[in-house]
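As provided, start.cif (mmCIF, C-alpha atoms) reads as follows.
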data_protein
#
loop_
_atom_site.label_atom_id
_atom_site.label_comp_id
_atom_site.auth_asym_id
_atom_site.auth_seq_id
_atom_site.Cartn_x
_atom_site.Cartn_y
_atom_site.Cartn_z
CA MET X 1 35.03 -0.66 -104.09
CA SER X 2 31.31 0.00 -104.51
CA LYS X 3 29.70 3.18 -103.28
CA PHE X 4 28.54 3.53 -99.72
CA TYR X 5 24.79 3.94 -99.32
CA VAL X 6 23.97 6.32 -96.47
CA PRO X 7 20.36 7.51 -96.28
CA ILE X 8 19.41 10.56 -94.23
CA ILE X 9 16.35 10.21 -92.02
CA LEU X 10 14.58 13.56 -91.60
CA GLY X 11 13.09 13.03 -88.17
CA SER X 12 10.34 15.64 -87.96
CA THR X 13 6.94 16.06 -89.58
CA ARG X 14 6.07 19.30 -87.81
CA ARG X 15 4.59 22.17 -89.83
CA GLY X 16 7.16 24.89 -90.43
CA ARG X 17 10.03 22.58 -89.47
CA LYS X 18 13.46 24.12 -89.84
CA SER X 19 15.30 20.80 -89.68
CA GLU X 20 14.39 20.29 -93.34
CA ARG X 21 16.85 23.08 -94.19
CA VAL X 22 19.62 21.20 -92.45
CA ALA X 23 18.66 17.90 -94.10
CA ARG X 24 18.98 19.64 -97.49
CA PHE X 25 22.40 20.98 -96.48
CA VAL X 26 23.68 17.58 -95.32
CA HIS X 27 22.23 15.86 -98.39
CA ALA X 28 23.87 18.37 -100.73
CA ARG X 29 27.27 17.92 -99.06
CA MET X 30 27.02 14.13 -99.02
CA SER X 31 25.86 14.06 -102.67
CA LYS X 32 29.15 15.70 -103.73
CA ARG X 33 31.08 12.62 -102.65
CA GLU X 34 31.83 10.25 -105.53
CA ASN X 35 31.97 7.21 -103.24
CA LEU X 36 28.62 7.91 -101.62
CA GLU X 37 24.99 7.36 -102.59
CA THR X 38 22.46 9.14 -100.41
CA GLU X 39 18.84 10.23 -100.26
CA VAL X 40 16.54 11.86 -97.72
CA LEU X 41 14.00 9.56 -96.09
CA ASP X 42 11.49 12.20 -95.01
CA LEU X 43 9.17 10.88 -92.31
CA LEU X 44 6.53 13.33 -93.55
CA ASP X 45 6.42 11.36 -96.82
CA TYR X 46 6.30 8.00 -95.05
CA ASN X 47 3.50 9.02 -92.66
CA PHE X 48 3.80 5.91 -90.47
CA PRO X 49 0.91 5.21 -88.10
CA ILE X 50 1.68 4.55 -84.43
CA MET X 51 3.58 1.30 -84.31
CA GLU X 52 1.55 -1.65 -83.08
CA GLU X 53 4.10 -4.32 -83.98
CA ARG X 54 7.65 -4.45 -85.30
CA LEU X 55 7.85 -5.11 -89.03
CA ARG X 56 9.38 -8.57 -88.66
CA PHE X 57 6.33 -9.75 -86.67
CA ASP X 58 3.66 -7.96 -88.70
CA GLU X 59 1.98 -9.97 -91.46
CA ASN X 60 0.21 -6.90 -92.82
CA PRO X 61 2.48 -3.90 -92.19
CA PRO X 62 1.44 -0.31 -92.87
CA PRO X 63 2.30 1.15 -96.28
CA HIS X 64 5.94 2.05 -96.92
CA VAL X 65 7.34 0.26 -93.83
CA ARG X 66 8.91 -2.49 -95.93
CA GLU X 67 10.42 0.09 -98.30
CA PHE X 68 11.88 1.99 -95.32
CA SER X 69 13.17 -1.29 -93.87
CA GLU X 70 14.87 -2.30 -97.12
CA LYS X 71 16.65 1.03 -97.37
CA ILE X 72 17.91 0.87 -93.80
CA ALA X 73 18.90 -2.80 -94.18
CA ARG X 74 21.00 -2.16 -97.31
CA SER X 75 22.62 0.98 -95.91
CA ASP X 76 26.24 1.10 -94.85
CA SER X 77 25.42 3.80 -92.33
CA VAL X 78 22.47 6.03 -91.45
CA VAL X 79 22.40 9.76 -90.74
CA ILE X 80 19.56 11.14 -88.66
CA VAL X 81 18.69 14.85 -88.87
CA THR X 82 16.32 15.80 -86.09
CA PRO X 83 15.23 18.80 -84.08
CA GLU X 84 15.26 18.83 -80.31
CA TYR X 85 11.76 19.06 -78.86
CA ASN X 86 11.41 19.62 -75.12
CA HIS X 87 14.95 18.37 -74.41
CA GLY X 88 14.37 15.20 -76.46
CA TYR X 89 13.67 14.01 -79.97
CA PRO X 90 10.31 13.93 -81.79
CA GLY X 91 7.93 11.07 -81.08
CA VAL X 92 7.46 10.54 -84.82
CA LEU X 93 11.17 9.70 -85.10
CA LYS X 94 11.05 7.18 -82.25
CA ASN X 95 7.94 5.63 -83.77
CA ALA X 96 9.64 5.20 -87.17
CA LEU X 97 12.85 3.83 -85.67
CA ASP X 98 10.96 1.33 -83.51
CA TYR X 99 9.38 -0.44 -86.51
CA LEU X 100 12.78 -2.00 -87.20
CA LEU X 101 15.45 -3.78 -85.20
CA PRO X 102 17.74 -6.23 -87.05
CA GLU X 103 18.15 -3.68 -89.85
CA TYR X 104 20.21 -1.50 -87.47
CA LYS X 105 22.59 -4.18 -86.20
CA ARG X 106 26.16 -2.90 -86.28
CA LYS X 107 25.24 0.15 -88.38
CA PRO X 108 27.16 3.36 -87.75
CA ILE X 109 24.68 6.14 -86.99
CA GLY X 110 25.54 9.80 -87.53
CA ILE X 111 23.34 12.25 -85.65
CA VAL X 112 22.66 15.84 -86.69
CA THR X 113 20.65 17.80 -84.13
CA VAL X 114 18.84 21.06 -84.72
CA SER X 115 17.74 23.67 -82.22
CA GLY X 116 16.23 27.12 -82.28
CA GLY X 117 18.35 27.97 -79.23
CA ASN X 118 22.04 28.11 -78.46
CA PHE X 119 22.91 24.51 -77.63
CA GLY X 120 22.25 22.76 -80.93
CA GLY X 121 20.07 19.96 -79.57
CA ILE X 122 22.65 18.39 -77.26
CA ASN X 123 20.00 16.76 -75.05
CA CYS X 124 18.42 15.17 -78.12
CA LEU X 125 21.85 13.95 -79.28
CA GLU X 126 22.57 12.20 -75.99
CA GLN X 127 19.17 10.49 -75.92
CA LEU X 128 19.44 9.29 -79.52
CA ARG X 129 22.87 7.87 -78.88
CA LEU X 130 21.40 5.69 -76.12
CA VAL X 131 18.49 4.62 -78.31
CA THR X 132 20.73 3.64 -81.22
CA LEU X 133 22.96 1.63 -78.88
CA GLY X 134 19.81 -0.18 -77.76
CA PHE X 135 19.20 -1.16 -81.39
CA GLY X 136 22.66 -2.70 -81.62
CA ALA X 137 23.90 0.17 -83.77
CA PHE X 138 26.98 2.36 -83.26
CA PRO X 139 26.41 6.09 -82.77
CA ILE X 140 29.58 7.63 -84.15
CA PRO X 141 31.49 9.97 -81.82
CA ALA X 142 31.27 12.92 -84.22
CA SER X 143 28.07 14.95 -84.29
CA LEU X 144 26.76 18.00 -86.09
CA PRO X 145 24.76 20.19 -83.70
CA ILE X 146 23.04 23.17 -85.32
CA SER X 147 22.15 26.12 -83.07
CA ARG X 148 19.71 28.94 -83.91
CA VAL X 149 18.67 27.12 -87.08
CA GLN X 150 16.23 29.84 -88.11
CA GLU X 151 19.17 32.27 -88.40
CA SER X 152 21.91 29.80 -89.34
CA PHE X 153 20.34 28.33 -92.52
CA ASP X 154 18.23 29.86 -95.25
CA GLU X 155 15.16 28.18 -96.78
CA GLU X 156 17.26 26.34 -99.40
CA GLY X 157 19.58 24.87 -96.78
CA ASN X 158 22.53 27.20 -97.24
CA PRO X 159 24.49 27.93 -94.08
CA GLN X 160 24.88 31.55 -93.09
CA GLU X 161 28.02 30.79 -91.07
CA ALA X 162 31.11 29.32 -92.75
CA PHE X 163 32.07 27.01 -89.90
CA TYR X 164 29.09 24.75 -90.68
CA GLU X 165 30.77 23.79 -93.96
CA LYS X 166 33.90 22.61 -92.17
CA ASN X 167 31.92 20.89 -89.41
CA ALA X 168 29.79 19.07 -92.00
CA GLU X 169 32.90 17.96 -93.90
CA ASN X 170 34.42 16.52 -90.72
CA PHE X 171 31.14 14.84 -89.77
CA ILE X 172 30.71 13.21 -93.20
CA ASN X 173 34.33 12.03 -93.12
CA GLU X 174 33.63 10.29 -89.80
CA VAL X 175 30.40 8.72 -91.09
CA LEU X 176 32.33 7.28 -94.04
CA TRP X 177 35.26 6.14 -91.89
CA PHE X 178 32.94 4.08 -89.70
CA ALA X 179 30.96 2.81 -92.72
CA GLU X 180 34.19 1.60 -94.31
CA ALA X 181 35.42 -0.01 -91.09
CA ILE X 182 32.18 -1.94 -90.62
CA ARG X 183 32.03 -2.95 -94.30
CA THR X 184 35.59 -4.25 -94.06
CA GLN X 185 34.63 -6.48 -91.13
CA ARG X 186 31.50 -7.72 -92.91
CA GLU X 187 33.55 -8.60 -95.99
CA LYS X 188 35.92 -10.58 -93.79
CA GLY X 189 32.97 -12.68 -92.73
CA GLU X 190 32.46 -11.16 -89.29
CA THR X 191 28.78 -11.89 -88.71
CA ARG X 192 28.49 -12.36 -84.96
#
Show me, as structure tokens, the structure contained in the file I just sent.
Amino acid sequence: MSKFYVPIILGSTRRGRKSERVARFVHARMSKRENLETEVLDLLDYNFPIMEERLRFDENPPPHVREFSEKIARSDSVVIVTPEYNHGYPGVLKNALDYLLPEYKRKPIGIVTVSGGNFGGINCLEQLRLVTLGFGAFPIPASLPISRVQESFDEEGNPQEAFYEKNAENFINEVLWFAEAIRTQREKGETR
């Protein structure tokens, strides 16, 4: 069986963002898996302008939108790492996600939320689950909420608390379980 391709969308472009630490952590853990190919799709690098039209209707799309689209389209699953801002998710993430639609159809979506407080971005998690359902994707039941990120992870993305290793392992296992289940159905010819 070929490797699963699961990109990680880093959903913040804010100066001093701490979610980048968590994206490094998740990327490092996913990269250890022999059956998994991954990379971080950093929205800071993509620098998408405010969406005026979905990619499929835009004859002259902004730079890098097609590249982003191709990566999401070929993925077996997508992981989103995002901070919670004001009980929601960053506008830059919604803007990037909204450029696409058919690329998400029946994709398992793993959501990692980051917070400077004690609740790990739970409000953000719930909102993103609804948004991904609206795209025709499947938000997986497992999540990876990160509380007090500024204390919980160092600059290189190393967790300061051991339970994050176990939680990440369980989360990645679930991402891959759903990716395999969906791939199996696609290979059977399920295209509805």
For atom CA of Leu144 of chain X and atom CA of Arg54 of chain X, determine how far apart the two atoms are, in Å to one decimal place. 29.5 Å
Neighbour list for Tyr99 of chain X as a ChimeraX atom specification, cut-off 6 Å, all atoms listed in the file, skip fewer than 2 positions in-chain: /X:54-55,96-97
3 Å per side around segment 178-189 of chain X: axis-aligned box centre and edge lengths, as AutoDock Vina command-line options:
--center_x 33.4 --center_y -4.3 --center_z -92.8 --size_x 11.0 --size_y 22.8 --size_z 12.3
Residue with smallest distance to Pro141 of chain X - pool X:Phe119, X:Phe48, X:Tyr104, X:Phe171, counting all atoms listed in the file: X:Phe171
Quick one: apply the PyMOL selection byres ((chain X and resi 87) around 12) to the file and drop the selected residues here as a list of chain:residue names. X:Pro83, X:Glu84, X:Tyr85, X:Asn86, X:Gly88, X:Tyr89, X:Pro90, X:Thr113, X:Val114, X:Ser115, X:Gly116, X:Gly117, X:Phe119, X:Gly120, X:Gly121, X:Ile122, X:Asn123, X:Cys124, X:Leu125, X:Glu126, X:Gln127, X:Leu128
Generate the missing atoms of segment 53-79 of chain X up to N, CA and C atoms and report them as a short mmCIF file (atom, residue, chain, number, x, y, z; two decimals), in the frame of the given file.
data_model
loop_
_atom_site.label_atom_id
_atom_site.label_comp_id
_atom_site.auth_asym_id
_atom_site.auth_seq_id
_atom_site.Cartn_x
_atom_site.Cartn_y
_atom_site.Cartn_z
N GLU X 53 3.25 -3.13 -83.96
CA GLU X 53 4.10 -4.32 -83.98
C GLU X 53 5.31 -4.05 -84.86
N ARG X 54 6.46 -4.57 -84.46
CA ARG X 54 7.65 -4.45 -85.30
C ARG X 54 7.41 -5.13 -86.63
N LEU X 55 8.04 -4.62 -87.67
CA LEU X 55 7.85 -5.11 -89.03
C LEU X 55 8.04 -6.62 -89.12
N ARG X 56 9.08 -7.14 -88.50
CA ARG X 56 9.38 -8.57 -88.66
C ARG X 56 8.31 -9.49 -88.07
N PHE X 57 7.42 -8.95 -87.24
CA PHE X 57 6.33 -9.75 -86.67
C PHE X 57 4.97 -9.40 -87.25
N ASP X 58 4.93 -8.46 -88.17
CA ASP X 58 3.66 -7.96 -88.70
C ASP X 58 3.39 -8.56 -90.08
N GLU X 59 2.32 -9.34 -90.19
CA GLU X 59 1.98 -9.97 -91.46
C GLU X 59 1.38 -8.98 -92.46
N ASN X 60 0.83 -7.90 -91.97
CA ASN X 60 0.21 -6.90 -92.82
C ASN X 60 0.67 -5.50 -92.39
N PRO X 61 1.94 -5.18 -92.68
CA PRO X 61 2.48 -3.90 -92.19
C PRO X 61 1.86 -2.70 -92.89
N PRO X 62 1.93 -1.55 -92.24
CA PRO X 62 1.44 -0.31 -92.87
C PRO X 62 2.21 -0.01 -94.15
N PRO X 63 1.62 0.79 -95.03
CA PRO X 63 2.30 1.15 -96.28
C PRO X 63 3.67 1.77 -96.02
N HIS X 64 4.60 1.46 -96.87
CA HIS X 64 5.94 2.05 -96.92
C HIS X 64 6.90 1.54 -95.84
N VAL X 65 6.43 0.74 -94.87
CA VAL X 65 7.34 0.26 -93.83
C VAL X 65 8.37 -0.69 -94.42
N ARG X 66 7.95 -1.56 -95.31
CA ARG X 66 8.91 -2.49 -95.93
C ARG X 66 9.95 -1.73 -96.76
N GLU X 67 9.50 -0.73 -97.50
CA GLU X 67 10.42 0.09 -98.30
C GLU X 67 11.46 0.76 -97.39
N PHE X 68 11.01 1.35 -96.30
CA PHE X 68 11.88 1.99 -95.32
C PHE X 68 12.87 0.95 -94.77
N SER X 69 12.35 -0.21 -94.41
CA SER X 69 13.17 -1.29 -93.87
C SER X 69 14.27 -1.70 -94.85
N GLU X 70 13.90 -1.88 -96.11
CA GLU X 70 14.87 -2.30 -97.12
C GLU X 70 15.98 -1.28 -97.29
N LYS X 71 15.64 -0.01 -97.23
CA LYS X 71 16.65 1.03 -97.37
C LYS X 71 17.60 1.05 -96.18
N ILE X 72 17.05 0.90 -94.99
CA ILE X 72 17.91 0.87 -93.80
C ILE X 72 18.76 -0.40 -93.81
N ALA X 73 18.17 -1.53 -94.17
CA ALA X 73 18.90 -2.80 -94.18
C ALA X 73 20.08 -2.78 -95.15
N ARG X 74 19.92 -2.17 -96.32
CA ARG X 74 21.00 -2.16 -97.31
C ARG X 74 22.01 -1.05 -97.08
N SER X 75 21.72 -0.16 -96.15
CA SER X 75 22.62 0.98 -95.91
C SER X 75 23.91 0.53 -95.25
N ASP X 76 24.96 1.31 -95.51
CA ASP X 76 26.24 1.10 -94.85
C ASP X 76 26.31 1.90 -93.56
N SER X 77 25.50 2.92 -93.48
CA SER X 77 25.42 3.80 -92.33
C SER X 77 24.11 4.57 -92.48
N VAL X 78 23.68 5.21 -91.42
CA VAL X 78 22.47 6.03 -91.45
C VAL X 78 22.79 7.36 -90.78
N VAL X 79 22.31 8.44 -91.38
CA VAL X 79 22.40 9.76 -90.74
C VAL X 79 20.99 10.17 -90.36
#
